[in-house]
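As stored in protein.csv (CSV, C-alpha atoms):
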```csv
chain,number,residue,atom,x,y,z
O,1,MET,CA,122.0,188.9,113.1
O,2,PRO,CA,119.3,191.2,114.4
O,3,LYS,CA,120.4,193.5,117.2
O,4,ALA,CA,119.0,193.4,120.7
O,5,ASP,CA,117.4,196.9,120.5
O,6,ILE,CA,115.0,196.1,117.6
O,7,ASN,CA,111.9,197.4,119.4
O,8,LYS,CA,113.7,200.5,120.6
O,9,ALA,CA,114.9,201.4,117.2
O,10,GLY,CA,111.5,200.9,115.7
O,11,TRP,CA,112.5,198.4,113.0
O,12,GLU,CA,114.6,195.3,112.6
O,13,GLN,CA,118.3,196.1,112.1
O,14,SER,CA,120.9,193.6,111.0
O,15,GLU,CA,124.5,193.5,109.9
O,16,PHE,CA,124.2,191.0,107.1
O,17,PRO,CA,121.2,189.5,105.2
O,18,ILE,CA,120.1,185.8,105.1
O,19,LEU,CA,120.8,184.8,101.5
O,20,CYS,CA,121.2,181.7,99.4
O,21,GLU,CA,124.4,181.3,97.4
O,22,THR,CA,122.7,182.1,94.1
O,23,CYS,CA,121.4,185.5,95.3
O,24,LEU,CA,124.6,186.4,97.1
O,25,GLY,CA,126.6,185.7,93.9
O,26,ASP,CA,130.4,186.1,93.6
O,27,ASN,CA,130.4,189.7,94.6
O,28,PRO,CA,131.6,190.0,98.3
O,29,PHE,CA,130.3,193.6,98.7
O,30,ILE,CA,126.9,194.0,100.2
O,31,LEU,CA,125.4,197.5,100.3
O,32,GLU,CA,123.1,198.2,103.2
O,33,ALA,CA,120.3,200.6,102.3
O,34,ARG,CA,119.3,202.4,105.5
O,35,ILE,CA,115.6,202.8,104.5
O,36,ARG,CA,112.5,201.7,106.3
O,37,ARG,CA,110.5,199.2,104.2
O,38,SER,CA,107.7,196.9,105.2
O,39,CYS,CA,108.3,193.2,105.1
O,40,GLY,CA,106.6,191.5,102.2
O,41,THR,CA,105.0,189.0,104.5
O,42,CYS,CA,104.5,190.3,108.0
O,43,ALA,CA,104.4,194.0,107.0
O,44,ARG,CA,106.8,195.0,109.8
O,45,PRO,CA,109.6,197.5,109.0
O,46,PHE,CA,113.1,196.1,108.5
O,47,THR,CA,116.5,197.1,107.2
O,48,VAL,CA,116.8,196.6,103.4
O,49,PHE,CA,120.0,195.4,101.7
O,50,ARG,CA,120.9,196.1,98.1
O,51,TRP,CA,123.8,194.6,96.1
O,52,ASN,CA,125.0,193.4,92.7
O,53,PRO,CA,125.6,189.6,92.6
O,54,GLY,CA,128.2,189.9,89.9
O,55,THR,CA,129.0,191.1,86.4
O,56,GLY,CA,126.0,191.2,84.1
O,57,SER,CA,123.6,190.7,86.9
O,58,ARG,CA,120.8,193.0,88.1
O,59,PHE,CA,120.8,194.7,91.5
O,60,LYS,CA,119.0,192.6,94.1
O,61,THR,CA,117.3,193.6,97.4
O,62,THR,CA,115.9,191.8,100.4
O,63,VAL,CA,112.1,191.7,100.4
O,64,ILE,CA,111.3,190.0,103.7
O,65,CYS,CA,112.6,190.5,107.2
O,66,GLN,CA,115.0,188.1,108.9
O,67,THR,CA,112.4,186.8,111.4
O,68,CYS,CA,110.1,185.7,108.5
O,69,ALA,CA,113.1,184.2,106.7
O,70,LYS,CA,114.1,182.2,109.9
O,71,ILE,CA,110.6,180.9,110.4
O,72,LYS,CA,110.7,179.2,107.0
O,73,ASN,CA,114.4,178.8,106.7
O,74,ILE,CA,114.4,180.6,103.4
O,75,CYS,CA,116.4,183.3,101.5
O,76,GLN,CA,115.4,186.9,102.2
O,77,THR,CA,115.4,187.7,98.5
O,78,CYS,CA,114.2,184.7,96.4
O,79,LEU,CA,112.3,183.0,99.2
O,80,LEU,CA,113.7,179.6,98.3
O,81,ASP,CA,114.7,177.0,100.9
O,82,LEU,CA,118.3,177.6,102.1
O,83,GLU,CA,119.1,173.9,102.3
O,84,TYR,CA,117.5,172.4,99.2
O,85,GLY,CA,117.1,175.5,97.0
O,86,LEU,CA,113.4,174.6,96.4
O,87,PRO,CA,110.2,176.5,96.8
O,88,THR,CA,108.6,176.2,100.2
O,89,GLN,CA,105.5,174.4,98.7
O,90,VAL,CA,107.8,171.6,97.4
O,91,ARG,CA,109.6,171.3,100.7
O,92,ASP,CA,106.5,171.4,102.9
O,93,THR,CA,104.7,168.9,100.6
O,94,ALA,CA,107.5,166.4,100.7
O,95,LEU,CA,108.1,166.7,104.5
O,96,GLY,CA,104.4,167.0,105.4
O,97,VAL,CA,105.0,170.3,107.2
O,98,GLN,CA,101.9,172.3,108.3
O,99,ASN,CA,102.0,176.0,107.5
O,100,GLU,CA,101.3,177.7,110.8
O,101,ALA,CA,102.0,181.3,109.7
O,102,PRO,CA,98.8,183.3,109.5
O,103,THR,CA,97.9,185.2,106.3
O,104,SER,CA,95.6,187.9,107.7
O,105,ASP,CA,97.0,191.4,108.1
O,106,ILE,CA,96.3,191.5,111.9
O,107,ASN,CA,97.6,188.1,112.9
O,108,ARG,CA,100.7,187.9,110.8
O,109,GLU,CA,102.5,190.8,112.5
O,110,TYR,CA,101.6,189.4,116.0
O,111,TYR,CA,102.8,186.0,115.0
O,112,ALA,CA,106.1,187.4,113.7
O,113,GLN,CA,106.7,189.3,117.0
O,114,ASN,CA,106.1,186.1,119.0
O,115,MET,CA,108.4,184.1,116.9
O,116,GLU,CA,111.1,186.7,117.0
O,117,GLY,CA,112.1,185.9,120.6
O,118,LYS,CA,112.1,182.1,119.9
O,119,LEU,CA,114.5,182.4,117.0
O,120,GLU,CA,117.5,184.0,118.6
O,121,GLY,CA,120.8,183.8,116.7
O,122,ASN,CA,120.8,181.6,113.6
O,123,LYS,CA,118.1,179.3,114.9
O,124,SER,CA,115.5,178.2,112.3
O,125,GLY,CA,111.8,177.8,112.9
O,126,LEU,CA,111.6,174.7,110.6
O,127,ASP,CA,111.7,171.4,112.4
O,128,THR,CA,112.4,168.5,110.0
O,129,GLY,CA,113.5,166.0,112.7
O,130,ARG,CA,110.3,163.9,112.5
O,131,ALA,CA,109.9,164.0,108.8
O,132,ALA,CA,109.5,160.7,107.0
O,133,ALA,CA,112.5,159.1,105.2
O,134,ALA,CA,110.6,159.1,101.9
O,135,GLY,CA,110.1,162.9,102.1
O,136,LYS,CA,113.7,163.5,102.8
O,137,GLU,CA,114.8,161.3,99.9
O,138,MET,CA,112.4,163.1,97.6
O,139,LEU,CA,114.0,166.5,98.6
O,140,LYS,CA,117.5,165.0,98.0
O,141,GLN,CA,116.5,164.0,94.4
O,142,LEU,CA,115.0,167.5,93.7
O,143,ALA,CA,117.6,169.6,95.5
O,144,ARG,CA,119.4,172.3,93.7
O,145,THR,CA,122.8,172.2,95.3
O,146,ASP,CA,124.8,174.3,92.7
O,147,PRO,CA,124.2,178.1,92.3
O,148,TYR,CA,122.0,179.1,89.4
O,149,TYR,CA,123.4,182.5,88.5
O,150,LYS,CA,121.2,182.7,85.4
O,151,ARG,CA,118.4,183.7,87.9
O,152,ASN,CA,120.2,186.9,88.5
O,153,ARG,CA,120.1,188.2,85.0
O,154,PRO,CA,118.5,191.6,84.2
O,155,HIS,CA,114.8,191.6,83.5
O,156,ILE,CA,113.5,191.7,80.0
O,157,CYS,CA,113.2,195.1,78.4
O,158,SER,CA,109.6,196.1,78.1
O,159,PHE,CA,110.4,198.6,75.4
O,160,PHE,CA,112.1,195.9,73.3
O,161,ILE,CA,108.9,193.8,73.5
O,162,LYS,CA,107.0,196.8,72.1
O,163,GLY,CA,109.7,197.4,69.5
O,164,ASP,CA,110.5,200.9,70.9
O,165,CYS,CA,113.8,200.4,72.7
O,166,LYS,CA,116.5,202.7,71.1
O,167,ARG,CA,119.3,202.0,73.5
O,168,GLY,CA,120.7,199.0,71.6
O,169,ASP,CA,123.7,197.3,73.3
O,170,GLU,CA,123.7,200.0,76.0
O,171,CYS,CA,120.3,198.9,77.4
O,172,PRO,CA,120.8,197.4,80.8
O,173,TYR,CA,117.9,195.0,80.3
O,174,ARG,CA,117.7,191.9,78.2
O,175,HIS,CA,116.6,192.1,74.6
O,176,GLU,CA,114.6,188.9,74.1
O,177,LEU,CA,111.0,187.9,73.9
O,178,PRO,CA,109.4,186.4,77.1
O,179,VAL,CA,108.4,182.7,77.3
O,180,ASP,CA,104.8,182.3,78.2
O,181,ASN,CA,105.0,179.3,80.4
O,182,GLY,CA,102.8,180.5,83.3
O,183,LEU,CA,105.7,180.6,85.7
O,184,ALA,CA,106.0,184.4,85.8
O,185,GLN,CA,102.7,184.7,87.7
O,186,GLN,CA,104.1,184.6,91.2
O,187,ASN,CA,103.7,186.8,94.3
O,188,ILE,CA,105.5,187.0,97.6
O,189,GLN,CA,102.6,185.8,99.7
O,190,ASP,CA,102.0,182.6,97.7
O,191,ARG,CA,105.7,181.8,97.5
O,192,TYR,CA,106.2,182.3,101.2
O,193,HIS,CA,103.2,180.4,102.4
O,194,GLY,CA,103.6,177.6,99.8
O,195,LYS,CA,100.3,178.0,98.1
O,196,ASN,CA,99.4,178.3,94.4
O,197,ASP,CA,103.1,178.6,93.5
O,198,PRO,CA,103.3,177.8,89.7
O,199,VAL,CA,107.0,176.9,89.9
O,200,ALA,CA,106.4,174.4,92.8
O,201,LYS,CA,103.4,172.9,91.0
O,202,LYS,CA,105.6,172.2,87.9
O,203,ILE,CA,108.4,170.6,90.0
O,204,LEU,CA,106.0,168.4,92.0
O,205,SER,CA,104.0,167.3,89.0
O,206,THR,CA,107.1,166.5,86.9
O,207,HIS,CA,108.6,164.5,89.8
O,208,ALA,CA,105.4,162.5,90.4
O,209,ALA,CA,105.2,161.7,86.7
O,210,ASN,CA,108.9,160.5,86.7
O,211,GLN,CA,108.0,158.2,89.6
O,212,GLY,CA,105.2,156.6,87.7
O,213,LEU,CA,102.4,158.7,89.3
O,214,LYS,CA,101.3,160.8,86.3
O,215,PRO,CA,97.6,161.6,86.7
O,216,PRO,CA,95.3,159.6,84.4
O,217,ASP,CA,93.6,161.3,81.6
O,218,ASP,CA,90.2,160.4,83.0
O,219,LEU,CA,89.4,163.3,85.4
O,220,ASN,CA,86.8,161.2,87.2
O,221,VAL,CA,89.6,159.1,88.7
O,222,THR,CA,90.1,160.5,92.2
O,223,SER,CA,91.5,157.5,94.0
O,224,LEU,CA,94.9,156.2,94.9
O,225,TYR,CA,95.8,152.5,95.4
O,226,LEU,CA,98.1,151.6,98.3
O,227,SER,CA,99.8,148.2,98.3
O,228,SER,CA,102.2,146.2,100.4
O,229,LEU,CA,100.7,147.4,103.7
O,230,SER,CA,101.8,146.1,107.0
O,231,PRO,CA,99.8,143.1,108.3
O,232,THR,CA,99.1,145.1,111.4
O,233,SER,CA,97.6,148.0,109.5
O,234,THR,CA,94.0,149.0,110.1
O,235,GLU,CA,91.6,151.4,108.5
O,236,LEU,CA,92.1,153.8,111.5
O,237,SER,CA,95.9,153.6,111.3
O,238,ILE,CA,95.9,154.2,107.5
O,239,ARG,CA,93.5,157.2,107.9
O,240,THR,CA,95.6,158.7,110.7
O,241,ARG,CA,98.8,158.4,108.6
O,242,VAL,CA,97.2,159.7,105.4
O,243,VAL,CA,95.8,162.8,107.2
O,244,GLN,CA,99.1,163.4,109.0
O,245,SER,CA,101.1,163.3,105.7
O,246,LEU,CA,98.8,165.7,103.9
O,247,PRO,CA,98.5,168.8,106.2
O,248,SER,CA,97.5,171.0,103.3
O,249,VAL,CA,94.5,168.8,102.4
O,250,GLU,CA,91.4,169.0,104.6
O,251,PRO,CA,90.4,165.7,106.2
O,252,ALA,CA,86.9,166.3,104.8
O,253,GLN,CA,88.4,165.9,101.3
O,254,ILE,CA,89.0,162.2,102.0
O,255,LYS,CA,85.7,160.6,100.8
O,256,SER,CA,86.5,157.1,102.1
O,257,ILE,CA,89.3,154.6,102.8
O,258,VAL,CA,88.7,151.0,101.8
O,259,HIS,CA,91.1,148.6,103.5
O,260,VAL,CA,91.3,145.1,102.0
O,261,GLU,CA,93.0,143.3,104.9
O,262,LYS,CA,93.4,140.0,103.1
O,263,SER,CA,95.2,141.6,100.2
O,264,ARG,CA,97.1,144.1,102.4
O,265,CYS,CA,96.1,147.0,100.2
O,266,ALA,CA,93.8,150.0,100.5
O,267,PHE,CA,92.0,152.5,98.3
O,268,ILE,CA,92.1,156.2,99.3
O,269,ASN,CA,89.1,157.9,97.7
O,270,PHE,CA,89.1,161.7,97.5
O,271,LYS,CA,86.2,164.0,96.8
O,272,GLU,CA,88.1,166.2,94.3
O,273,ARG,CA,90.7,165.4,91.7
O,274,GLU,CA,93.0,168.3,93.0
O,275,ALA,CA,93.3,166.6,96.4
O,276,ALA,CA,94.2,163.3,94.8
O,277,GLU,CA,96.9,164.9,92.6
O,278,HIS,CA,98.3,166.6,95.7
O,279,ALA,CA,98.5,163.3,97.5
O,280,ALA,CA,100.2,161.6,94.6
O,281,GLN,CA,102.8,164.4,94.5
O,282,ALA,CA,103.4,164.2,98.2
O,283,TRP,CA,103.7,160.4,98.1
O,284,ALA,CA,105.8,160.2,94.9
O,285,ASN,CA,108.6,158.5,96.8
O,286,GLY,CA,106.3,156.2,98.8
O,287,LEU,CA,104.5,156.5,102.1
O,288,GLU,CA,105.4,154.8,105.4
O,289,ILE,CA,102.5,153.4,107.3
O,290,ASP,CA,102.9,151.4,110.5
O,291,GLY,CA,106.7,151.1,109.9
O,292,THR,CA,106.3,149.7,106.4
O,293,GLN,CA,107.1,151.5,103.1
O,294,VAL,CA,103.9,151.4,101.0
O,295,SER,CA,103.7,151.6,97.2
O,296,ILE,CA,101.4,154.1,95.6
O,297,LYS,CA,99.5,153.9,92.3
O,298,TRP,CA,96.6,155.7,90.7
O,299,GLY,CA,93.2,154.0,90.6
O,300,ARG,CA,91.9,152.9,87.3
O,301,SER,CA,89.0,154.3,85.4
O,302,LYS,CA,85.6,152.7,85.6
O,303,THR,CA,85.5,152.6,81.8
O,304,GLY,CA,88.7,150.5,81.7
O,305,PRO,CA,88.7,147.6,79.2
O,306,LYS,CA,87.4,144.4,80.8
O,307,SER,CA,88.5,145.2,84.3
O,308,ALA,CA,87.2,143.8,87.5
O,309,VAL,CA,85.7,146.8,89.3
O,310,THR,CA,85.7,147.1,93.0
O,311,PRO,CA,82.8,148.6,95.0
O,312,THR,CA,84.8,151.9,94.9
O,313,GLY,CA,85.0,152.0,91.2
O,314,LEU,CA,88.6,150.7,91.0
O,315,SER,CA,89.9,147.6,89.3
O,316,GLN,CA,92.0,145.3,91.4
O,317,SER,CA,95.4,144.3,90.0
```
Whole structure, structure tokens version:
Amino acid sequence: MPKADINKAGWEQSEFPILCETCLGDNPFILEARIRRSCGTCARPFTVFRWNPGTGSRFKTTVICQTCAKIKNICQTCLLDLEYGLPTQVRDTALGVQNEAPTSDINREYYAQNMEGKLEGNKSGLDTGRAAAAGKEMLKQLARTDPYYKRNRPHICSFFIKGDCKRGDECPYRHELPVDNGLAQQNIQDRYHGKNDPVAKKILSTHAANQGLKPPDDLNVTSLYLSSLSPTSTELSIRTRVVQSLPSVEPAQIKSIVHVEKSRCAFINFKEREAAEHAAQAWANGLEIDGTQVSIKWGRSKTGPKSAVTPTGLSQS
């Protein structure tokens, strides 16, 4: 817990870090490094902790301050959600949470200072009380509840990759070739703010595909089909709920919404394929509109075989 004399001391001081079970490991000894290091997100100085999670693991350190960790309810080291063990982009997409933390150098430090006084004790800045049931169910399905200590392994030896490592079994790093899956291209800012996180994108796309929302091969398909709407639903209520459930998608990205009242269905047409894919991932477990759980499907291609095409270019089922 940060001490009361933070401003007087010049940087955030704490007695124990905010960590997930995986990063903490089975080693009960935490070494506090009394050095002044800038937070990886807000750039304010804070107390750094360093420890070894267990036998065969590499030493780990905290990379962000406790205030930034509390704002997002994440681990100070891996920046994963403390409750679900998932990247913030996955959690925020499922819950429809708007990222309010600024990214500019000037505003982020000011924002952290203001939030510091609001997050006294163990209070978290993440409010999920109004989140939809479908989003919470999605997180329960994706949650990583058990520790994943494999994540604490030493890094791969760069000399071994070049064929120059002469330490053999005494080398503290792993002697294996890296897997080029694109997941290694991560940075603290993207992981913290939940943007362009390759790990999160893989989790979301895989889950959407498992729920029957795999993106069609035709890249021109940028529409989603909503069925089983409430009889009281209107185009305005549908648009309001869609915009509310997609805080990371600009409202201008929604090209049009076609509500077929008689059939109790609607077509959500997006301007770009990326926005449509993001919506499909966010609605993988369904979407609640006007108190009714709505089913989601991808629109069909205009070149589909003998299909009745609607004015929006979609075939009706």
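Minimum distance to Cys20 in chain O across O:Asn73, O:Thr47, O:Asn52, O:Ser227 (counting only C-alpha atoms) occurs at O:Asn73.
Going from CA of Arg191 in chain O over to CA of Glu21 in chain O, you cover 18.7 Å.
Only residues having an atom at most 12 Å from (114.9, 158.7, 104.3) are included; using only C-alpha atoms, these are Ala94, Leu95, Thr128, Gly129, Arg130, Ala131, Ala132, Ala133, Ala134, Gly135, Lys136, Glu137, Met138, Leu139, Lys140, Gln141, Asn285, Gly286, Leu287, Glu288 and Gln293 of chain O.
When only C-alpha atoms are used to compute distances to Thr234 in chain O, the closest of the residues O:Lys262, O:Lys166, O:Lys214, O:Lys72 turns out to be O:Lys262.
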request  = May I have the residues within 10 Å of Val221 in chain O as an NGL selection string, using only C-alpha atoms and disregarding those fewer than 4 positions away in the same chain?
outcome  = :O and (215-217 or 269-270 or 272-273 or 276 or 298-302 or 313-314)
inquiry  = So the first atom is CA of Ile268 in chain O and the second is CA of Ile254 in chain O; what is the distance between them in Å, to one decimal place?
reply    = 7.3 Å
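Distances here use all atoms listed in the file; by that measure, the residue among O:Glu250, O:Asp190, O:Glu176, O:Glu83 closest to Arg144 in chain O is O:Glu83.
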task = Would you please work out which residue, of O:Asp180, O:Glu15, O:Ile156, O:Tyr192, is nearest to Gly40 in chain O when using all atoms listed in the file?
result = O:Tyr192
key: Using all atoms listed in the file: which of O:Leu226, O:Ile203, O:Val294, O:Leu246 has the shortest distance to His278 in chain O   = O:Leu246
ask   = So what do you get for CA of Gln89 in chain O versus CA of Gln253 in chain O, distance-wise?
value = 19.3 Å
